[in-house]
>>> print(open('input.cif').read())   # mmCIF, C-alpha atoms
data_structure
#
loop_
_atom_site.group_PDB
_atom_site.id
_atom_site.type_symbol
_atom_site.label_atom_id
_atom_site.label_comp_id
_atom_site.auth_asym_id
_atom_site.auth_seq_id
_atom_site.Cartn_x
_atom_site.Cartn_y
_atom_site.Cartn_z
ATOM 1 C CA MET A 1384 -5.103 113.130 271.156
ATOM 2 C CA THR A 1385 -4.282 113.393 274.882
ATOM 3 C CA LEU A 1386 -0.658 112.421 274.273
ATOM 4 C CA ARG A 1387 0.278 115.553 272.348
ATOM 5 C CA LYS A 1388 1.648 118.692 273.900
ATOM 6 C CA GLY A 1389 -0.710 121.665 273.982
ATOM 7 C CA ILE A 1390 -4.436 122.119 274.436
ATOM 8 C CA VAL A 1391 -6.285 118.801 274.556
ATOM 9 C CA SER A 1392 -9.706 118.820 272.903
ATOM 10 C CA ASP A 1393 -12.807 117.549 274.635
ATOM 11 C CA GLU A 1394 -13.134 114.912 271.906
ATOM 12 C CA ALA A 1395 -9.669 113.583 272.691
ATOM 13 C CA LYS A 1396 -10.422 113.464 276.403
ATOM 14 C CA THR A 1397 -13.678 111.634 275.752
ATOM 15 C CA ALA A 1398 -11.932 109.162 273.463
ATOM 16 C CA MET A 1399 -9.242 108.408 276.034
ATOM 17 C CA THR A 1400 -11.855 107.999 278.761
ATOM 18 C CA SER A 1401 -13.563 105.460 276.513
ATOM 19 C CA VAL A 1402 -10.275 103.593 275.952
ATOM 20 C CA ARG A 1403 -9.604 103.491 279.676
ATOM 21 C CA GLY A 1404 -13.175 102.387 280.338
ATOM 22 C CA ALA A 1405 -12.746 99.415 278.022
ATOM 23 C CA MET A 1406 -9.919 98.033 280.124
ATOM 24 C CA SER A 1407 -10.683 95.006 282.257
ATOM 25 C CA PRO A 1408 -10.984 95.572 286.022
ATOM 26 C CA GLU A 1409 -7.897 93.405 286.482
ATOM 27 C CA SER A 1410 -5.871 95.566 284.091
ATOM 28 C CA VAL A 1411 -7.050 98.740 285.799
ATOM 29 C CA GLN A 1412 -6.029 97.331 289.164
ATOM 30 C CA LYS A 1413 -2.615 96.278 287.861
ATOM 31 C CA MET A 1414 -2.068 99.779 286.454
ATOM 32 C CA ASN A 1415 -3.114 101.471 289.695
ATOM 33 C CA ASP A 1416 -0.971 99.168 291.842
ATOM 34 C CA TYR A 1417 2.217 99.648 289.834
ATOM 35 C CA THR A 1418 4.917 101.595 291.706
ATOM 36 C CA PRO A 1419 7.914 102.411 289.494
ATOM 37 C CA GLU A 1420 11.438 102.231 290.882
ATOM 38 C CA LEU A 1421 11.982 105.820 289.814
ATOM 39 C CA PRO A 1422 11.943 109.205 291.622
ATOM 40 C CA SER A 1423 8.319 109.788 292.607
ATOM 41 C CA GLN A 1424 8.360 113.511 291.778
ATOM 42 C CA TYR A 1425 9.240 112.678 288.158
ATOM 43 C CA VAL A 1426 6.841 109.757 287.892
ATOM 44 C CA ALA A 1427 4.001 112.087 288.872
ATOM 45 C CA LYS A 1428 4.722 114.184 285.755
ATOM 46 C CA ILE A 1429 4.711 111.279 283.291
ATOM 47 C CA ARG A 1430 2.375 108.712 284.831
ATOM 48 C CA THR A 1431 -0.885 109.714 283.135
ATOM 49 C CA PHE A 1432 0.870 110.120 279.792
ATOM 50 C CA THR A 1433 2.479 106.681 280.083
ATOM 51 C CA GLU A 1434 -0.682 104.966 281.261
ATOM 52 C CA ASP A 1435 -2.668 106.500 278.385
ATOM 53 C CA ALA A 1436 -0.090 105.204 275.886
ATOM 54 C CA VAL A 1437 -0.245 101.701 277.338
ATOM 55 C CA ALA A 1438 -4.053 101.799 277.443
ATOM 56 C CA LEU A 1439 -4.100 102.620 273.731
ATOM 57 C CA ALA A 1440 -1.787 99.705 272.976
ATOM 58 C CA LEU A 1441 -3.624 97.025 274.957
ATOM 59 C CA PRO A 1442 -6.462 96.393 272.447
ATOM 60 C CA GLN A 1443 -3.900 96.097 269.631
ATOM 61 C CA THR A 1444 -1.615 93.528 271.225
ATOM 62 C CA SER A 1445 -1.690 90.361 273.283
ATOM 63 C CA TYR A 1446 0.668 91.853 275.864
ATOM 64 C CA THR A 1447 -0.643 92.553 279.374
ATOM 65 C CA VAL A 1448 -0.531 95.764 281.395
ATOM 66 C CA GLU A 1449 2.249 94.457 283.633
ATOM 67 C CA THR A 1450 4.312 93.517 280.568
ATOM 68 C CA LEU A 1451 4.052 96.937 278.920
ATOM 69 C CA LEU A 1452 3.778 99.413 281.782
ATOM 70 C CA ARG A 1453 7.162 99.012 283.447
ATOM 71 C CA PRO A 1454 9.360 99.205 280.296
ATOM 72 C CA THR A 1455 7.254 102.050 278.928
ATOM 73 C CA MET A 1456 7.460 104.030 282.174
ATOM 74 C CA HIS A 1457 11.236 103.660 282.341
ATOM 75 C CA PHE A 1458 11.580 104.563 278.666
ATOM 76 C CA VAL A 1459 9.423 107.707 278.975
ATOM 77 C CA TYR A 1460 11.378 108.705 282.089
ATOM 78 C CA TRP A 1461 14.652 108.374 280.169
ATOM 79 C CA VAL A 1462 13.391 110.305 277.139
ATOM 80 C CA VAL A 1463 11.972 113.194 279.184
ATOM 81 C CA PHE A 1464 14.325 113.525 282.153
ATOM 82 C CA VAL A 1465 17.606 112.183 280.753
ATOM 83 C CA ALA A 1466 17.413 113.002 277.054
ATOM 84 C CA GLY A 1467 15.447 116.184 277.797
ATOM 85 C CA ALA A 1468 12.688 115.703 275.206
ATOM 86 C CA GLU A 1469 9.184 117.156 275.413
ATOM 87 C CA LEU A 1470 6.361 115.032 276.780
ATOM 88 C CA ASP A 1471 4.745 114.592 273.401
ATOM 89 C CA ALA A 1472 3.981 111.235 271.775
ATOM 90 C CA SER A 1473 5.301 112.372 268.389
ATOM 91 C CA VAL A 1474 8.670 112.999 270.044
ATOM 92 C CA VAL A 1475 8.809 110.346 272.754
ATOM 93 C CA PHE A 1476 7.597 107.381 270.742
ATOM 94 C CA SER A 1477 9.962 107.601 267.802
ATOM 95 C CA ARG A 1478 11.656 104.520 266.410
ATOM 96 C CA GLU A 1479 15.024 106.240 266.492
ATOM 97 C CA LEU A 1480 14.805 106.929 270.225
ATOM 98 C CA ILE A 1481 13.574 103.421 270.987
ATOM 99 C CA GLU A 1482 16.377 101.852 268.953
ATOM 100 C CA TYR A 1483 18.949 104.032 270.685
ATOM 101 C CA TYR A 1484 17.504 103.423 274.159
ATOM 102 C CA VAL A 1485 17.518 99.643 273.765
ATOM 103 C CA ARG A 1486 20.930 99.446 272.145
ATOM 104 C CA GLU A 1487 22.839 101.886 274.316
ATOM 105 C CA THR A 1488 21.237 101.817 277.756
ATOM 106 C CA MET A 1489 20.647 98.052 277.886
ATOM 107 C CA SER A 1490 24.000 96.848 276.588
ATOM 108 C CA ASN A 1491 24.484 94.814 279.775
ATOM 109 C CA LEU A 1492 21.383 92.698 279.072
ATOM 110 C CA THR A 1493 21.157 89.640 276.854
ATOM 111 C CA GLU A 1494 20.190 89.977 273.226
ATOM 112 C CA GLY A 1495 16.879 88.192 273.864
ATOM 113 C CA THR A 1496 15.958 90.531 276.710
ATOM 114 C CA ARG A 1497 16.753 93.599 274.638
ATOM 115 C CA ARG A 1498 14.707 92.217 271.757
ATOM 116 C CA ASN A 1499 11.734 91.809 274.084
ATOM 117 C CA TYR A 1500 12.055 95.365 275.406
ATOM 118 C CA ARG A 1501 12.203 96.734 271.899
ATOM 119 C CA SER A 1502 9.154 94.746 270.845
ATOM 120 C CA TRP A 1503 7.142 95.965 273.842
ATOM 121 C CA LEU A 1504 8.079 99.605 273.236
ATOM 122 C CA PHE A 1505 7.373 99.331 269.503
ATOM 123 C CA ARG A 1506 3.846 98.043 270.201
ATOM 124 C CA VAL A 1507 3.143 101.030 272.454
ATOM 125 C CA ALA A 1508 4.717 103.429 269.942
ATOM 126 C CA GLU A 1509 2.556 102.083 267.111
ATOM 127 C CA ALA A 1510 -0.560 102.853 269.153
ATOM 128 C CA ALA A 1511 0.545 106.160 270.660
ATOM 129 C CA ASN A 1512 2.281 107.570 267.588
ATOM 130 C CA PRO A 1513 0.728 105.833 264.561
ATOM 131 C CA GLU A 1514 1.713 108.594 262.147
ATOM 132 C CA ALA A 1515 5.409 107.789 262.535
ATOM 133 C CA ASN A 1516 6.950 106.071 259.554
ATOM 134 C CA PRO A 1517 7.855 102.505 260.528
ATOM 135 C CA HIS A 1518 11.339 101.256 259.879
ATOM 136 C CA ASN A 1519 12.544 97.694 259.971
ATOM 137 C CA PRO A 1520 14.639 97.326 263.129
ATOM 138 C CA MET A 1521 18.274 96.371 262.736
ATOM 139 C CA PRO A 1522 19.235 92.990 264.225
ATOM 140 C CA LEU A 1523 20.515 93.576 267.729
ATOM 141 C CA ASN A 1524 23.463 91.260 267.219
ATOM 142 C CA GLU A 1525 24.722 93.215 264.236
ATOM 143 C CA ARG A 1526 28.047 94.883 264.862
ATOM 144 C CA ALA A 1527 28.372 97.069 261.809
ATOM 145 C CA LEU A 1528 31.310 99.402 261.581
ATOM 146 C CA ASP A 1529 30.519 103.060 262.244
ATOM 147 C CA THR A 1530 31.610 104.370 258.873
ATOM 148 C CA PRO A 1531 33.497 107.678 258.777
ATOM 149 C CA TYR A 1532 31.608 110.756 257.631
ATOM 150 C CA THR A 1533 31.991 111.705 253.993
ATOM 151 C CA SER A 1534 32.914 115.265 253.085
ATOM 152 C CA GLY A 1535 29.268 115.927 252.199
ATOM 153 C CA GLU A 1536 28.075 114.548 255.521
ATOM 154 C CA LEU A 1537 30.561 116.743 257.373
ATOM 155 C CA VAL A 1538 29.049 119.764 255.633
ATOM 156 C CA ARG A 1539 25.563 118.682 256.761
ATOM 157 C CA LEU A 1540 26.910 117.991 260.244
ATOM 158 C CA ASN A 1541 28.154 121.579 260.405
ATOM 159 C CA ARG A 1542 24.717 122.753 259.314
ATOM 160 C CA TRP A 1543 23.272 120.719 262.173
ATOM 161 C CA THR A 1544 25.496 122.550 264.664
ATOM 162 C CA ALA A 1545 24.472 125.934 263.268
ATOM 163 C CA GLY A 1546 20.780 125.072 263.231
ATOM 164 C CA GLN A 1547 20.227 124.594 266.953
ATOM 165 C CA GLY A 1548 17.691 126.817 268.658
ATOM 166 C CA THR A 1549 19.886 128.539 271.259
ATOM 167 C CA SER A 1550 23.437 129.853 271.279
ATOM 168 C CA TYR A 1551 24.255 127.482 274.144
ATOM 169 C CA SER A 1552 23.122 124.461 272.105
ATOM 170 C CA ARG A 1553 24.878 125.731 268.979
ATOM 171 C CA ASP A 1554 28.141 126.163 270.883
ATOM 172 C CA ALA A 1555 27.765 122.704 272.447
ATOM 173 C CA ALA A 1556 27.126 121.098 269.077
ATOM 174 C CA LYS A 1557 30.161 122.813 267.538
ATOM 175 C CA VAL A 1558 32.381 121.754 270.447
ATOM 176 C CA LEU A 1559 31.066 118.205 270.202
ATOM 177 C CA VAL A 1560 32.003 117.944 266.528
ATOM 178 C CA ALA A 1561 35.362 119.610 267.118
ATOM 179 C CA LEU A 1562 36.284 117.175 269.895
ATOM 180 C CA GLY A 1563 35.009 114.168 267.945
ATOM 181 C CA VAL A 1564 36.136 114.879 264.379
ATOM 182 C CA GLY A 1565 39.026 117.145 265.340
ATOM 183 C CA ALA A 1566 40.511 115.159 268.234
ATOM 184 C CA GLY A 1567 39.006 111.676 268.102
ATOM 185 C CA LEU A 1568 37.665 111.696 271.653
ATOM 186 C CA SER A 1569 35.195 109.112 272.929
ATOM 187 C CA SER A 1570 31.839 110.027 274.476
ATOM 188 C CA ARG A 1571 33.220 109.483 277.961
ATOM 189 C CA GLU A 1572 36.273 111.630 277.274
ATOM 190 C CA ILE A 1573 34.118 114.428 275.866
ATOM 191 C CA ALA A 1574 31.844 114.291 278.906
ATOM 192 C CA MET A 1575 34.771 114.504 281.340
ATOM 193 C CA LEU A 1576 36.977 117.053 279.544
ATOM 194 C CA ARG A 1577 37.481 120.265 281.540
ATOM 195 C CA ARG A 1578 38.871 123.676 280.707
ATOM 196 C CA ASP A 1579 42.087 122.996 282.616
ATOM 197 C CA ASP A 1580 42.796 119.969 280.390
ATOM 198 C CA LEU A 1581 43.484 122.194 277.372
ATOM 199 C CA THR A 1582 46.322 124.500 276.409
ATOM 200 C CA VAL A 1583 46.591 126.897 273.478
ATOM 201 C CA ALA A 1584 50.073 127.721 272.203
ATOM 202 C CA GLU A 1585 51.056 131.076 270.744
ATOM 203 C CA ASN A 1586 50.968 129.623 267.225
ATOM 204 C CA GLY A 1587 47.371 128.459 267.757
ATOM 205 C CA THR A 1588 48.075 124.782 268.413
ATOM 206 C CA VAL A 1589 45.466 123.336 270.768
ATOM 207 C CA THR A 1590 46.532 120.388 272.908
ATOM 208 C CA LEU A 1591 44.290 118.487 275.290
ATOM 209 C CA VAL A 1592 44.676 115.746 277.859
ATOM 210 C CA ALA A 1593 41.885 113.193 277.591
ATOM 211 C CA THR A 1594 41.026 110.873 280.473
ATOM 212 C CA LYS A 1595 39.015 107.656 280.272
ATOM 213 C CA GLY A 1596 39.123 105.658 283.472
ATOM 214 C CA THR A 1597 42.782 105.262 284.340
ATOM 215 C CA LYS A 1598 43.920 105.943 280.767
ATOM 216 C CA VAL A 1599 45.303 109.386 280.005
ATOM 217 C CA ARG A 1600 46.469 110.559 276.587
ATOM 218 C CA GLU A 1601 47.547 113.782 274.970
ATOM 219 C CA VAL A 1602 45.947 114.834 271.698
ATOM 220 C CA VAL A 1603 46.701 117.702 269.333
ATOM 221 C CA VAL A 1604 43.486 119.103 267.833
ATOM 222 C CA ALA A 1605 43.337 119.181 264.044
ATOM 223 C CA VAL A 1606 43.969 122.636 262.623
ATOM 224 C CA ASP A 1607 40.463 122.933 261.106
ATOM 225 C CA TYR A 1608 38.946 122.746 264.608
ATOM 226 C CA GLU A 1609 41.475 124.753 266.626
ATOM 227 C CA ASN A 1610 39.555 128.017 266.476
ATOM 228 C CA THR A 1611 36.303 126.384 267.606
ATOM 229 C CA ILE A 1612 37.935 124.966 270.720
ATOM 230 C CA ALA A 1613 40.105 127.999 271.442
ATOM 231 C CA SER A 1614 37.149 130.389 271.139
ATOM 232 C CA ALA A 1615 34.966 128.205 273.347
ATOM 233 C CA ILE A 1616 37.422 127.888 276.227
ATOM 234 C CA LYS A 1617 38.466 131.536 276.104
ATOM 235 C CA VAL A 1618 35.308 132.568 277.980
ATOM 236 C CA MET A 1619 35.141 129.570 280.307
ATOM 237 C CA PRO A 1620 36.008 129.757 284.004
ATOM 238 C CA GLU A 1621 38.666 127.385 285.267
ATOM 239 C CA ASN A 1622 37.765 123.722 285.705
ATOM 240 C CA THR A 1623 34.370 123.941 283.963
ATOM 241 C CA PHE A 1624 33.339 121.278 281.472
ATOM 242 C CA VAL A 1625 34.291 122.078 277.890
ATOM 243 C CA PHE A 1626 31.166 120.377 276.512
ATOM 244 C CA LEU A 1627 27.940 121.816 277.983
ATOM 245 C CA PRO A 1628 29.798 123.920 280.587
ATOM 246 C CA GLN A 1629 26.671 124.707 282.622
ATOM 247 C CA ARG A 1630 26.007 121.087 283.540
ATOM 248 C CA THR A 1631 26.967 119.238 286.699
ATOM 249 C CA ARG A 1632 26.241 115.690 285.496
ATOM 250 C CA THR A 1633 29.128 113.432 284.441
ATOM 251 C CA GLU A 1634 27.218 110.284 283.464
ATOM 252 C CA ASN A 1635 28.212 108.421 280.302
ATOM 253 C CA ASP A 1636 24.998 109.425 278.506
ATOM 254 C CA VAL A 1637 25.676 113.179 278.620
ATOM 255 C CA VAL A 1638 26.528 113.310 274.909
ATOM 256 C CA SER A 1639 23.794 110.956 273.711
ATOM 257 C CA ALA A 1640 21.161 112.761 275.783
ATOM 258 C CA PHE A 1641 22.195 116.079 274.226
ATOM 259 C CA VAL A 1642 22.059 114.675 270.686
ATOM 260 C CA ALA A 1643 18.672 113.071 271.331
ATOM 261 C CA ARG A 1644 17.071 116.416 272.184
ATOM 262 C CA THR A 1645 18.645 118.435 269.375
ATOM 263 C CA SER A 1646 16.929 119.544 266.211
ATOM 264 C CA ARG A 1647 17.927 117.342 263.276
ATOM 265 C CA PRO A 1648 16.521 118.486 259.921
ATOM 266 C CA THR A 1649 15.919 116.038 257.093
ATOM 267 C CA GLY A 1650 19.243 115.011 255.590
ATOM 268 C CA THR A 1651 21.213 115.313 258.821
ATOM 269 C CA PRO A 1652 23.534 112.298 259.120
ATOM 270 C CA THR A 1653 23.498 110.219 262.275
ATOM 271 C CA VAL A 1654 25.241 112.170 265.010
ATOM 272 C CA ARG A 1655 27.427 109.550 266.665
ATOM 273 C CA VAL A 1656 30.680 110.126 268.499
ATOM 274 C CA GLN A 1657 32.110 106.824 267.254
ATOM 275 C CA ARG A 1658 31.572 107.943 263.646
ATOM 276 C CA MET A 1659 33.348 111.202 264.499
ATOM 277 C CA ARG A 1660 36.245 109.317 266.074
ATOM 278 C CA ASN A 1661 36.514 106.997 263.076
ATOM 279 C CA THR A 1662 36.521 110.027 260.789
ATOM 280 C CA TRP A 1663 39.422 111.442 262.812
ATOM 281 C CA LEU A 1664 41.315 108.140 262.590
ATOM 282 C CA VAL A 1665 40.856 107.911 258.820
ATOM 283 C CA THR A 1666 41.944 111.541 258.424
ATOM 284 C CA GLN A 1667 45.139 110.844 260.368
ATOM 285 C CA MET A 1668 45.856 107.757 258.267
ATOM 286 C CA THR A 1669 45.166 109.739 255.096
ATOM 287 C CA ASN A 1670 47.690 112.321 256.332
ATOM 288 C CA ARG A 1671 50.201 109.450 256.732
ATOM 289 C CA VAL A 1672 50.634 109.866 260.482
ATOM 290 C CA ASP A 1673 52.894 107.040 261.594
ATOM 291 C CA VAL A 1674 51.214 104.106 263.298
ATOM 292 C CA LEU A 1675 52.791 104.449 266.752
ATOM 293 C CA THR A 1676 52.022 108.166 266.929
ATOM 294 C CA LEU A 1677 48.421 107.517 265.934
ATOM 295 C CA MET A 1678 47.967 104.647 268.391
ATOM 296 C CA GLU A 1679 49.372 106.784 271.196
ATOM 297 C CA ALA A 1680 47.169 109.777 270.355
ATOM 298 C CA ALA A 1681 44.091 107.555 269.918
ATOM 299 C CA GLY A 1682 44.715 105.552 273.072
ATOM 300 C CA LEU A 1683 44.724 102.270 271.136
ATOM 301 C CA GLN A 1684 46.344 99.084 272.401
ATOM 302 C CA SER A 1685 46.113 97.176 269.127
ATOM 303 C CA LEU A 1686 45.846 97.742 265.392
ATOM 304 C CA GLU A 1687 42.358 96.203 265.115
ATOM 305 C CA SER A 1688 40.457 99.498 264.878
ATOM 306 C CA ILE A 1689 42.944 100.951 262.450
ATOM 307 C CA SER A 1690 42.923 97.870 260.221
ATOM 308 C CA ARG A 1691 39.107 97.880 259.983
ATOM 309 C CA LEU A 1692 39.172 101.516 258.869
ATOM 310 C CA ALA A 1693 42.051 101.153 256.427
ATOM 311 C CA GLY A 1694 39.646 100.537 253.563
ATOM 312 C CA PHE A 1695 38.397 104.127 253.870
ATOM 313 C CA VAL A 1696 41.855 105.618 253.387
ATOM 314 C CA PRO A 1697 42.483 106.823 249.794
ATOM 315 C CA ARG A 1698 45.197 104.771 248.146
ATOM 316 C CA PRO A 1699 48.192 106.653 246.779
ATOM 317 C CA SER A 1700 48.964 106.347 243.105
ATOM 318 C CA SER A 1701 51.253 103.599 241.873
ATOM 319 C CA PRO A 1702 54.284 105.933 241.522
ATOM 320 C CA GLU A 1703 53.631 107.274 245.041
ATOM 321 C CA ARG A 1704 53.464 103.759 246.470
ATOM 322 C CA ILE A 1705 56.720 102.829 244.736
ATOM 323 C CA ALA A 1706 58.377 105.967 246.083
ATOM 324 C CA GLN A 1707 57.150 105.212 249.602
ATOM 325 C CA LEU A 1708 58.419 101.637 249.482
ATOM 326 C CA ARG A 1709 61.754 102.789 248.074
ATOM 327 C CA GLY A 1710 62.068 105.375 250.791
ATOM 328 C CA THR A 1711 62.355 108.256 248.350
ATOM 329 C CA LYS A 1712 59.197 110.015 249.530
#
>>> encode(input="input.cif", output="structure tokens")
Amino acid sequence: MTLRKGIVSDEAKTAMTSVRGAMSPESVQKMNDYTPELPSQYVAKIRTFTEDAVALALPQTSYTVETLLRPTMHFVYWVVFVAGAELDASVVFSRELIEYYVRETMSNLTEGTRRNYRSWLFRVAEAANPEANPHNPMPLNERALDTPYTSGELVRLNRWTAGQGTSYSRDAAKVLVALGVGAGLSSREIAMLRRDDLTVAENGTVTLVATKGTKVREVVVAVDYENTIASAIKVMPENTFVFLPQRTRTENDVVSAFVARTSRPTGTPTVRVQRMRNTWLVTQMTNRVDVLTLMEAAGLQSLESISRLAGFVPRPSSPERIAQLRGTK
């Protein structure tokens, strides 16, 4: 297989040459003439890989070269140079990455357009990475609630943070969870948070100022995550990013790109900032934080988010509810 990282066997090279040779002259010309609207120095590194993947898919689908090549090239570029994955078909052409790419990076496109992109990429993935287990794609118009993490999932999420391959990635993963589950920050707020936005009081209380656009809010970090944040910022120079402090990028996909390239063993729950934020919201409601305080800390303008999550909050016992309503507790 020429699409796998490592030494490519002569048999694989011969097989790919045969696949390319079976293409029609028109298809070959279309492939050669295509100039991606991407940085040329990066395209040079992924072009052969992408063309080979498309060439494999052509005999298995009715789609043309021009239909498949552009979306596949842009997808491979995103996976390798934005998400930071290896140029290996078993990594690049995964259903999870395709689903995420279509849902999150194409949110400004119509549902029909996104469905087409997903279909094109799936056809190439089925040819380039046939060993992958297929999953039925979720309808693109589905707006399911990101359910809070259970206590068991939080344990596995902590194992995910500890299981990363480098200390830098482990620290980043721990900070990500601490800011999401422990402070309810959004992806954008996590990406923009800097060392100077946090203060640590003598009693250990960690307070941060989160900024999203023109909105600024102050959040007190939950006690279970204070030490993670305090330890992380203790060694950081002024004004560096709290999450992935060595980076210079501030794009919205900083968090998702990091998660996409992390190691996620079997059993790891989906690593989504919105699930972390919802977990934080439910925890605050479980702790009976008053509504106005919670809305202010969460940066909410309405009760819609809170009301949708209310079903995850454990109900007090009947005597406790009576005492609350009476004002005796």
>>> residues_around(input="input.cif", residues="segment 1674-1683 of chain A", least_positions_apart="3", cutoff="12 Å", atoms="all atoms listed in the file", output="PyMOL selection string")
chain A and resi 1563+1565-1569+1572+1590-1605+1660-1661+1663-1671+1686-1690+1693
>>> write_last_selection(input="input.cif", atoms="C-alpha atoms", output="PDB file, in the frame of the given file")
ATOM      1  CA  GLY A1563      35.009 114.168 267.945  1.00  0.00           C
ATOM      2  CA  GLY A1565      39.026 117.145 265.340  1.00  0.00           C
ATOM      3  CA  ALA A1566      40.511 115.159 268.234  1.00  0.00           C
ATOM      4  CA  GLY A1567      39.006 111.676 268.102  1.00  0.00           C
ATOM      5  CA  LEU A1568      37.665 111.696 271.653  1.00  0.00           C
ATOM      6  CA  SER A1569      35.195 109.112 272.929  1.00  0.00           C
ATOM      7  CA  GLU A1572      36.273 111.630 277.274  1.00  0.00           C
ATOM      8  CA  THR A1590      46.532 120.388 272.908  1.00  0.00           C
ATOM      9  CA  LEU A1591      44.290 118.487 275.290  1.00  0.00           C
ATOM     10  CA  VAL A1592      44.676 115.746 277.859  1.00  0.00           C
ATOM     11  CA  ALA A1593      41.885 113.193 277.591  1.00  0.00           C
ATOM     12  CA  THR A1594      41.026 110.873 280.473  1.00  0.00           C
ATOM     13  CA  LYS A1595      39.015 107.656 280.272  1.00  0.00           C
ATOM     14  CA  GLY A1596      39.123 105.658 283.472  1.00  0.00           C
ATOM     15  CA  THR A1597      42.782 105.262 284.340  1.00  0.00           C
ATOM     16  CA  LYS A1598      43.920 105.943 280.767  1.00  0.00           C
ATOM     17  CA  VAL A1599      45.303 109.386 280.005  1.00  0.00           C
ATOM     18  CA  ARG A1600      46.469 110.559 276.587  1.00  0.00           C
ATOM     19  CA  GLU A1601      47.547 113.782 274.970  1.00  0.00           C
ATOM     20  CA  VAL A1602      45.947 114.834 271.698  1.00  0.00           C
ATOM     21  CA  VAL A1603      46.701 117.702 269.333  1.00  0.00           C
ATOM     22  CA  VAL A1604      43.486 119.103 267.833  1.00  0.00           C
ATOM     23  CA  ALA A1605      43.337 119.181 264.044  1.00  0.00           C
ATOM     24  CA  ARG A1660      36.245 109.317 266.074  1.00  0.00           C
ATOM     25  CA  ASN A1661      36.514 106.997 263.076  1.00  0.00           C
ATOM     26  CA  TRP A1663      39.422 111.442 262.812  1.00  0.00           C
ATOM     27  CA  LEU A1664      41.315 108.140 262.590  1.00  0.00           C
ATOM     28  CA  VAL A1665      40.856 107.911 258.820  1.00  0.00           C
ATOM     29  CA  THR A1666      41.944 111.541 258.424  1.00  0.00           C
ATOM     30  CA  GLN A1667      45.139 110.844 260.368  1.00  0.00           C
ATOM     31  CA  MET A1668      45.856 107.757 258.267  1.00  0.00           C
ATOM     32  CA  THR A1669      45.166 109.739 255.096  1.00  0.00           C
ATOM     33  CA  ASN A1670      47.690 112.321 256.332  1.00  0.00           C
ATOM     34  CA  ARG A1671      50.201 109.450 256.732  1.00  0.00           C
ATOM     35  CA  LEU A1686      45.846  97.742 265.392  1.00  0.00           C
ATOM     36  CA  GLU A1687      42.358  96.203 265.115  1.00  0.00           C
ATOM     37  CA  SER A1688      40.457  99.498 264.878  1.00  0.00           C
ATOM     38  CA  ILE A1689      42.944 100.951 262.450  1.00  0.00           C
ATOM     39  CA  SER A1690      42.923  97.870 260.221  1.00  0.00           C
ATOM     40  CA  ALA A1693      42.051 101.153 256.427  1.00  0.00           C
TER      41      ALA A1693
END
>>> closest_residue(input="input.cif", among="A:Leu1441, A:Ala1511, A:Leu1528, A:Leu1562", to="Phe1695 of chain A", atoms="only C-alpha atoms")
A:Leu1528
>>> resolve_selection(input="input.cif", expression="the PyMOL selection byres ((chain A and resi 1506) around 12)", output="JSON, numbers by chain")
{"A": [1436, 1437, 1438, 1439, 1440, 1441, 1442, 1443, 1444, 1445, 1446, 1447, 1450, 1451, 1452, 1454, 1455, 1476, 1477, 1478, 1481, 1499, 1500, 1501, 1502, 1503, 1504, 1505, 1507, 1508, 1509, 1510, 1511, 1512, 1513, 1517]}
>>> write_last_selection(input="input.cif", atoms="C-alpha atoms", output="short mmCIF file (atom, residue, chain, number, x, y, z; two decimals), in the frame of the given file")
data_model
loop_
_atom_site.label_atom_id
_atom_site.label_comp_id
_atom_site.auth_asym_id
_atom_site.auth_seq_id
_atom_site.Cartn_x
_atom_site.Cartn_y
_atom_site.Cartn_z
CA ALA A 1436 -0.09 105.20 275.89
CA VAL A 1437 -0.24 101.70 277.34
CA ALA A 1438 -4.05 101.80 277.44
CA LEU A 1439 -4.10 102.62 273.73
CA ALA A 1440 -1.79 99.70 272.98
CA LEU A 1441 -3.62 97.02 274.96
CA PRO A 1442 -6.46 96.39 272.45
CA GLN A 1443 -3.90 96.10 269.63
CA THR A 1444 -1.62 93.53 271.23
CA SER A 1445 -1.69 90.36 273.28
CA TYR A 1446 0.67 91.85 275.86
CA THR A 1447 -0.64 92.55 279.37
CA THR A 1450 4.31 93.52 280.57
CA LEU A 1451 4.05 96.94 278.92
CA LEU A 1452 3.78 99.41 281.78
CA PRO A 1454 9.36 99.20 280.30
CA THR A 1455 7.25 102.05 278.93
CA PHE A 1476 7.60 107.38 270.74
CA SER A 1477 9.96 107.60 267.80
CA ARG A 1478 11.66 104.52 266.41
CA ILE A 1481 13.57 103.42 270.99
CA ASN A 1499 11.73 91.81 274.08
CA TYR A 1500 12.06 95.36 275.41
CA ARG A 1501 12.20 96.73 271.90
CA SER A 1502 9.15 94.75 270.85
CA TRP A 1503 7.14 95.96 273.84
CA LEU A 1504 8.08 99.60 273.24
CA PHE A 1505 7.37 99.33 269.50
CA VAL A 1507 3.14 101.03 272.45
CA ALA A 1508 4.72 103.43 269.94
CA GLU A 1509 2.56 102.08 267.11
CA ALA A 1510 -0.56 102.85 269.15
CA ALA A 1511 0.55 106.16 270.66
CA ASN A 1512 2.28 107.57 267.59
CA PRO A 1513 0.73 105.83 264.56
CA PRO A 1517 7.86 102.50 260.53
#
>>> atom_distance(input="input.cif", atom1="atom CA of Leu1480 of chain A", atom2="atom CA of Ala1556 of chain A")
18.8 Å
>>> residues_around(input="input.cif", residues="segment 1465-1475 of chain A", least_positions_apart="5", cutoff="9 Å", atoms="only C-alpha atoms", output="PyMOL selection string")
chain A and resi 1386-1389+1429+1432+1436+1458-1460+1480-1481+1508+1511-1515+1636-1637+1639-1645
>>> resolve_selection(input="input.cif", expression="the PyMOL selection byres ((chain A and resi 1622) around 7)", output="list in words")
Arg1577, Arg1578, Asp1579, Pro1620, Glu1621, Thr1623 and Phe1624 of chain A
>>> residues_near_point(input="input.cif", point="(18.3, 114.0, 250.3)", cutoff="12 Å", atoms="only C-alpha atoms", output="PyMOL selection string")
chain A and resi 1535-1536+1539+1648-1652
